[in-house]
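A short write-up of the structure that comes next.
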Amino acid sequence: MNEKLLKNIRQVEPYVPGEQPQQKVIKLNTNENPYPPAPGVKRAIAEFDVDRLRLYPDPTAESLISVLADNYGVNRDQVFVGVGSDDVLAMCFLTFFNSDKPIFFPDITYSFYDVWAELYRIPYECQPVDEDFKIVKEDYYKENGGVIFPNPNAPTAIYEDLPVVEDIIAHNRDVIVIVDEAYIDFAGKSALELIDKYDNLIVTQTFSKSRSMAGMRIGYAISNPTLIKYLNDAKYSFNSYTMNQTSLAYGVEAVKDKAYFEETIRKIKETREWTKKELSKLGFTFPDAQANFIFATHPDYDAKEMFTALKKEGIYVRFWGSKRIEQYMRITIGTQEEMETLISFFKKYMSK
């Protein structure tokens, strides 16, 4: 192509999503929930009036925002929704990270952060996690243009206690701090407890993991009304109708059924703890997993070779082969039966 043309084209190294095999496999590679959405979602699907699809959806997403606000005990003007938390986070990058100073995030973390930074031409610096893959909070005391980190972190599954999170927020009062809580429902206390205390805090969450709705693409941010207004201003300047009619209807029902939500979380956490014990018996080591996945390595077996062998047997896990984590696999927690199949595979693999 003409070099003059290329000069004015925005080129970025794209995020690479996990594989989505179409054949029937044991799919433990993208941290999806192994259980179906709440029963109310199924009813809403059956009762949905398809004639509504000829109309634009509510640009304010009032029905979904209202049920989320009630669920978390905040006001409606403190909630922002988008097409998955990726959409919400991308909008946050666009809206809040506009300094000449670099934003900070961990060097081992969600690999979309550097993609958004490159896309929006935001300077950034990755702060190294320590030898145990934990965030070094003191590294975030330096001058910066904003901070973002997941809690629990991905792909490590490490949950940082709330005092650590608050310490980072408190040392960055002049910039926006985003705590990405895609996996918080499988872990401990949420940074939502700090929303009223810190006016620079934004917390994002998603329906893709704990609410079993990765296929609907629903995410949200909770903050103070001022920051949410800025997000909405950017959204309405970009795309007013981000949430479709079905996402709004099904999302509302997913939030309403708290009993089903809690039961699903309980099952996943129980299976996670069982899997951790079984992997340990086989010699695997991993950080203490507090998400719906385990970040595992084995001293005697090559991660890429295990990944390839698993795939041949129709068991998909996630492998990167990146610096510092080249011997790790990320294993999503599936059903108890799926995890038993995984453990059986490893036992056979290691008996050869």
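Every chain in the structure tokens takes a letter, A first, then B, and so on in the order presented; its residues are numbered from 1, and the ligands are numbered from 1 following the presented order.
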List the spatial neighbours of Thr297 of chain A as a ChimeraX atom specification - criterion: any atom at most 10 Å away, only C-alpha atoms, same-chain residues fewer than 5 positions off excluded. /A:279,283-287,302-303,325-330
Pull the closest atom pair for each residue of segment 95-136 of chain A that gets at most 12 Å from segment 68-87 of chain A, along with the distance in Å to one decimal, counting only C-alpha atoms, ordering rows by chain and then ascending residue number, as JSON lines.
```
{"residue": "A:Tyr110", "atom": "CA", "partner": "A:Asp86", "partner_atom": "CA", "distance": 10.6}
{"residue": "A:Ser111", "atom": "CA", "partner": "A:Asp86", "partner_atom": "CA", "distance": 11.3}
{"residue": "A:Phe112", "atom": "CA", "partner": "A:Asp86", "partner_atom": "CA", "distance": 8.2}
{"residue": "A:Tyr113", "atom": "CA", "partner": "A:Asp86", "partner_atom": "CA", "distance": 9.7}
{"residue": "A:Val115", "atom": "CA", "partner": "A:Asp86", "partner_atom": "CA", "distance": 11.4}
{"residue": "A:Trp116", "atom": "CA", "partner": "A:Asp86", "partner_atom": "CA", "distance": 9.8}
```
Write out as a PDB file with C-alpha atoms, in the first residue's frame all residues of segment 7-193 of chain A that backbone DSSP assigns to strand (DSSP E or B).
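Dumped everything to result-v4.pdb:
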```pdb
ATOM      1  CA  ILE A  26     -14.767 -28.955  27.604  1.00  0.00           C
ATOM      2  CA  LYS A  27     -14.269 -25.217  27.369  1.00  0.00           C
ATOM      3  CA  VAL A  79     -24.427   3.820  37.327  1.00  0.00           C
ATOM      4  CA  PHE A  80     -23.218   3.600  33.734  1.00  0.00           C
ATOM      5  CA  VAL A  81     -23.849   0.589  31.483  1.00  0.00           C
ATOM      6  CA  GLY A  82     -22.239  -0.578  28.277  1.00  0.00           C
ATOM      7  CA  ILE A 103      -1.203   5.737  33.179  1.00  0.00           C
ATOM      8  CA  PHE A 104      -0.139   2.829  35.402  1.00  0.00           C
ATOM      9  CA  PHE A 105      -1.259  -0.798  35.384  1.00  0.00           C
ATOM     10  CA  PRO A 106       0.439  -4.103  36.304  1.00  0.00           C
ATOM     11  CA  TYR A 124       1.462   4.101  29.856  1.00  0.00           C
ATOM     12  CA  GLU A 125       3.906   2.313  32.140  1.00  0.00           C
ATOM     13  CA  CYS A 126       3.509  -1.239  33.375  1.00  0.00           C
ATOM     14  CA  GLN A 127       4.362  -1.671  37.035  1.00  0.00           C
ATOM     15  CA  GLY A 146      -4.287   7.505  35.961  1.00  0.00           C
ATOM     16  CA  VAL A 147      -4.359   4.011  37.397  1.00  0.00           C
ATOM     17  CA  ILE A 148      -6.219   0.840  36.446  1.00  0.00           C
ATOM     18  CA  PHE A 149      -5.935  -2.700  37.770  1.00  0.00           C
ATOM     19  CA  PRO A 150      -8.220  -5.727  38.064  1.00  0.00           C
ATOM     20  CA  VAL A 177      -8.349   5.154  39.613  1.00  0.00           C
ATOM     21  CA  ILE A 178     -10.329   2.340  37.957  1.00  0.00           C
ATOM     22  CA  VAL A 179     -10.750  -0.943  39.796  1.00  0.00           C
ATOM     23  CA  ASP A 180     -11.802  -3.598  37.300  1.00  0.00           C
TER      24      ASP A 180
END
```
Quick one: residues within 10 Å of Lys267 of chain A, only C-alpha atoms, excluding same-chain residues fewer than 3 positions away - as a PDB file with C-alpha atoms, in the first residue's frame?
```pdb
ATOM      1  CA  TYR A  35     -24.175 -22.734  34.467  1.00  0.00           C
ATOM      2  CA  GLU A 262     -25.693 -16.773  45.077  1.00  0.00           C
ATOM      3  CA  GLU A 263     -26.234 -20.500  44.480  1.00  0.00           C
ATOM      4  CA  THR A 264     -24.250 -20.415  41.234  1.00  0.00           C
ATOM      5  CA  GLU A 270     -16.776 -25.168  45.905  1.00  0.00           C
ATOM      6  CA  THR A 271     -15.586 -26.691  42.632  1.00  0.00           C
ATOM      7  CA  ARG A 272     -12.661 -24.237  42.550  1.00  0.00           C
ATOM      8  CA  GLY A 334     -16.259 -25.510  34.890  1.00  0.00           C
ATOM      9  CA  THR A 335     -18.824 -27.885  36.335  1.00  0.00           C
ATOM     10  CA  GLN A 336     -17.683 -30.461  38.881  1.00  0.00           C
TER      11      GLN A 336
END
```
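Nearest residue to Arg211 of chain A, choosing from A:Gln290, A:Asn31, A:Thr226, A:Asn239 and counting only C-alpha atoms: A:Asn31.
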Just how far from atom CA of Ile184 of chain A is atom CA of Tyr316 of chain A, in Å to one decimal? 23.7 Å
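Distances from A:Glu3, A:Asp132, A:Asp58, A:Asp51 to Tyr241 of chain A were compared using only C-alpha atoms, and the smallest one belongs to A:Asp58.
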Excluding Met91 of chain A and any residue of its chain fewer than 4 positions from it, enumerate the residues within 8 Å of it, using only C-alpha atoms, and give them as a PyMOL selection string. chain A and resi 87+95+231+234-235
Selected residues written out, C-alpha atoms, as a PDB file, in the first residue's frame:
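Resulting contents of again-v6.pdb:
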```pdb
ATOM      1  CA  ASP A  87     -16.921  -1.339  26.232  1.00  0.00           C
ATOM      2  CA  THR A  95     -12.929   9.853  28.894  1.00  0.00           C
ATOM      3  CA  LEU A 231     -18.912   8.948  30.863  1.00  0.00           C
ATOM      4  CA  ALA A 234     -18.639  10.672  25.934  1.00  0.00           C
ATOM      5  CA  LYS A 235     -21.010   7.787  25.219  1.00  0.00           C
TER       6      LYS A 235
END
```
Please run DSSP on the backbone and report, as an MDAnalysis selection string, all residues within segment 21-176 of chain A that come out as alpha helix (DSSP H). chainID A and resid 39:47 62:72 84:96 113:119 162:170
May I have the residues from that selection written out with N, CA and C atoms, as a compact mmCIF listing (two decimals), in the first residue's frame?
```txt
# COMPACT_ATOMS: atom_id res chain seq x y z
N PRO A 39 -33.25 -18.30 35.85
CA PRO A 39 -34.50 -18.73 35.20
C PRO A 39 -35.32 -17.57 34.65
N GLY A 40 -35.28 -16.43 35.31
CA GLY A 40 -36.03 -15.28 34.82
C GLY A 40 -35.59 -14.82 33.45
N VAL A 41 -34.32 -15.06 33.14
CA VAL A 41 -33.81 -14.69 31.81
C VAL A 41 -34.47 -15.56 30.75
N LYS A 42 -34.58 -16.85 31.05
CA LYS A 42 -35.23 -17.76 30.10
C LYS A 42 -36.68 -17.36 29.87
N ARG A 43 -37.38 -16.99 30.94
CA ARG A 43 -38.77 -16.54 30.79
C ARG A 43 -38.85 -15.27 29.95
N ALA A 44 -37.91 -14.35 30.19
CA ALA A 44 -37.91 -13.10 29.45
C ALA A 44 -37.66 -13.34 27.96
N ILE A 45 -36.83 -14.32 27.65
CA ILE A 45 -36.59 -14.67 26.25
C ILE A 45 -37.87 -15.17 25.59
N ALA A 46 -38.58 -16.04 26.32
CA ALA A 46 -39.82 -16.62 25.78
C ALA A 46 -40.91 -15.57 25.60
N GLU A 47 -40.90 -14.57 26.48
CA GLU A 47 -41.98 -13.57 26.47
C GLU A 47 -41.62 -12.31 25.68
N GLU A 62 -32.58 2.97 31.28
CA GLU A 62 -33.15 3.24 32.60
C GLU A 62 -33.54 1.97 33.36
N SER A 63 -34.15 1.00 32.68
CA SER A 63 -34.61 -0.21 33.39
C SER A 63 -33.45 -0.97 34.00
N LEU A 64 -32.37 -1.11 33.26
CA LEU A 64 -31.21 -1.85 33.76
C LEU A 64 -30.46 -1.06 34.82
N ILE A 65 -30.29 0.23 34.58
CA ILE A 65 -29.61 1.08 35.55
C ILE A 65 -30.36 1.10 36.88
N SER A 66 -31.68 1.14 36.82
CA SER A 66 -32.49 1.18 38.05
C SER A 66 -32.32 -0.09 38.88
N VAL A 67 -32.35 -1.25 38.23
CA VAL A 67 -32.23 -2.49 38.98
C VAL A 67 -30.82 -2.66 39.53
N LEU A 68 -29.81 -2.19 38.80
CA LEU A 68 -28.43 -2.25 39.31
C LEU A 68 -28.26 -1.30 40.49
N ALA A 69 -28.82 -0.11 40.38
CA ALA A 69 -28.72 0.85 41.48
C ALA A 69 -29.37 0.30 42.74
N ASP A 70 -30.54 -0.31 42.59
CA ASP A 70 -31.21 -0.90 43.75
C ASP A 70 -30.38 -2.05 44.32
N ASN A 71 -29.80 -2.84 43.46
CA ASN A 71 -29.03 -4.00 43.91
C ASN A 71 -27.82 -3.59 44.74
N TYR A 72 -27.18 -2.49 44.35
CA TYR A 72 -25.95 -2.06 45.04
C TYR A 72 -26.16 -0.92 46.02
N GLY A 84 -20.79 -4.90 27.55
CA GLY A 84 -19.72 -5.64 28.21
C GLY A 84 -18.81 -4.68 28.95
N SER A 85 -18.07 -5.19 29.94
CA SER A 85 -17.17 -4.29 30.66
C SER A 85 -16.04 -3.81 29.77
N ASP A 86 -15.73 -4.53 28.68
CA ASP A 86 -14.72 -4.04 27.74
C ASP A 86 -15.14 -2.70 27.14
N ASP A 87 -16.40 -2.59 26.77
CA ASP A 87 -16.92 -1.34 26.23
C ASP A 87 -16.87 -0.24 27.28
N VAL A 88 -17.26 -0.58 28.50
CA VAL A 88 -17.25 0.39 29.60
C VAL A 88 -15.82 0.86 29.88
N LEU A 89 -14.88 -0.09 29.94
CA LEU A 89 -13.49 0.27 30.21
C LEU A 89 -12.89 1.11 29.08
N ALA A 90 -13.19 0.74 27.84
CA ALA A 90 -12.69 1.51 26.71
C ALA A 90 -13.20 2.95 26.77
N MET A 91 -14.47 3.10 27.16
CA MET A 91 -15.03 4.45 27.29
C MET A 91 -14.37 5.21 28.44
N CYS A 92 -14.02 4.49 29.50
CA CYS A 92 -13.29 5.12 30.61
C CYS A 92 -11.92 5.60 30.17
N PHE A 93 -11.20 4.78 29.40
CA PHE A 93 -9.90 5.18 28.88
C PHE A 93 -10.04 6.47 28.07
N LEU A 94 -11.03 6.48 27.19
CA LEU A 94 -11.25 7.62 26.31
C LEU A 94 -11.61 8.88 27.10
N THR A 95 -12.40 8.72 28.14
CA THR A 95 -12.93 9.85 28.89
C THR A 95 -11.94 10.40 29.92
N PHE A 96 -11.26 9.51 30.64
CA PHE A 96 -10.52 9.94 31.82
C PHE A 96 -9.00 9.94 31.70
N TYR A 113 -5.60 -3.73 28.34
CA TYR A 113 -5.25 -2.39 28.80
C TYR A 113 -4.25 -1.70 27.88
N ASP A 114 -3.18 -2.41 27.51
CA ASP A 114 -2.20 -1.77 26.64
C ASP A 114 -2.75 -1.55 25.23
N VAL A 115 -3.70 -2.40 24.82
CA VAL A 115 -4.33 -2.22 23.50
C VAL A 115 -5.12 -0.91 23.47
N TRP A 116 -5.92 -0.66 24.50
CA TRP A 116 -6.68 0.59 24.55
C TRP A 116 -5.74 1.79 24.64
N ALA A 117 -4.69 1.65 25.44
CA ALA A 117 -3.74 2.75 25.56
C ALA A 117 -3.11 3.08 24.21
N GLU A 118 -2.74 2.05 23.48
CA GLU A 118 -2.16 2.28 22.14
C GLU A 118 -3.21 2.86 21.19
N LEU A 119 -4.42 2.34 21.24
CA LEU A 119 -5.48 2.80 20.34
C LEU A 119 -5.77 4.29 20.53
N LEU A 162 -8.96 -5.18 50.53
CA LEU A 162 -9.45 -3.81 50.35
C LEU A 162 -8.49 -2.74 50.88
N PRO A 163 -7.78 -2.95 52.00
CA PRO A 163 -6.82 -1.92 52.45
C PRO A 163 -5.73 -1.63 51.41
N VAL A 164 -5.30 -2.64 50.65
CA VAL A 164 -4.31 -2.42 49.59
C VAL A 164 -4.91 -1.57 48.48
N VAL A 165 -6.13 -1.92 48.09
CA VAL A 165 -6.83 -1.16 47.05
C VAL A 165 -7.02 0.29 47.49
N GLU A 166 -7.46 0.48 48.72
CA GLU A 166 -7.69 1.84 49.22
C GLU A 166 -6.39 2.63 49.28
N ASP A 167 -5.30 1.98 49.64
CA ASP A 167 -4.01 2.66 49.72
C ASP A 167 -3.62 3.24 48.36
N ILE A 168 -3.84 2.46 47.30
CA ILE A 168 -3.52 2.94 45.95
C ILE A 168 -4.42 4.12 45.56
N ILE A 169 -5.70 4.01 45.89
CA ILE A 169 -6.63 5.11 45.59
C ILE A 169 -6.23 6.37 46.34
N ALA A 170 -5.91 6.21 47.63
CA ALA A 170 -5.58 7.36 48.49
C ALA A 170 -4.31 8.06 48.04
```
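Atom pair atom CA of Phe133 of chain A / atom CA of Asp174 of chain A: separated by 27.0 Å.
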For a quick check of understanding, using only C-alpha atoms, which of A:Leu28, A:Val50, A:Val129, A:Ile176 has the smallest distance to Arg324 of chain A? A:Val129
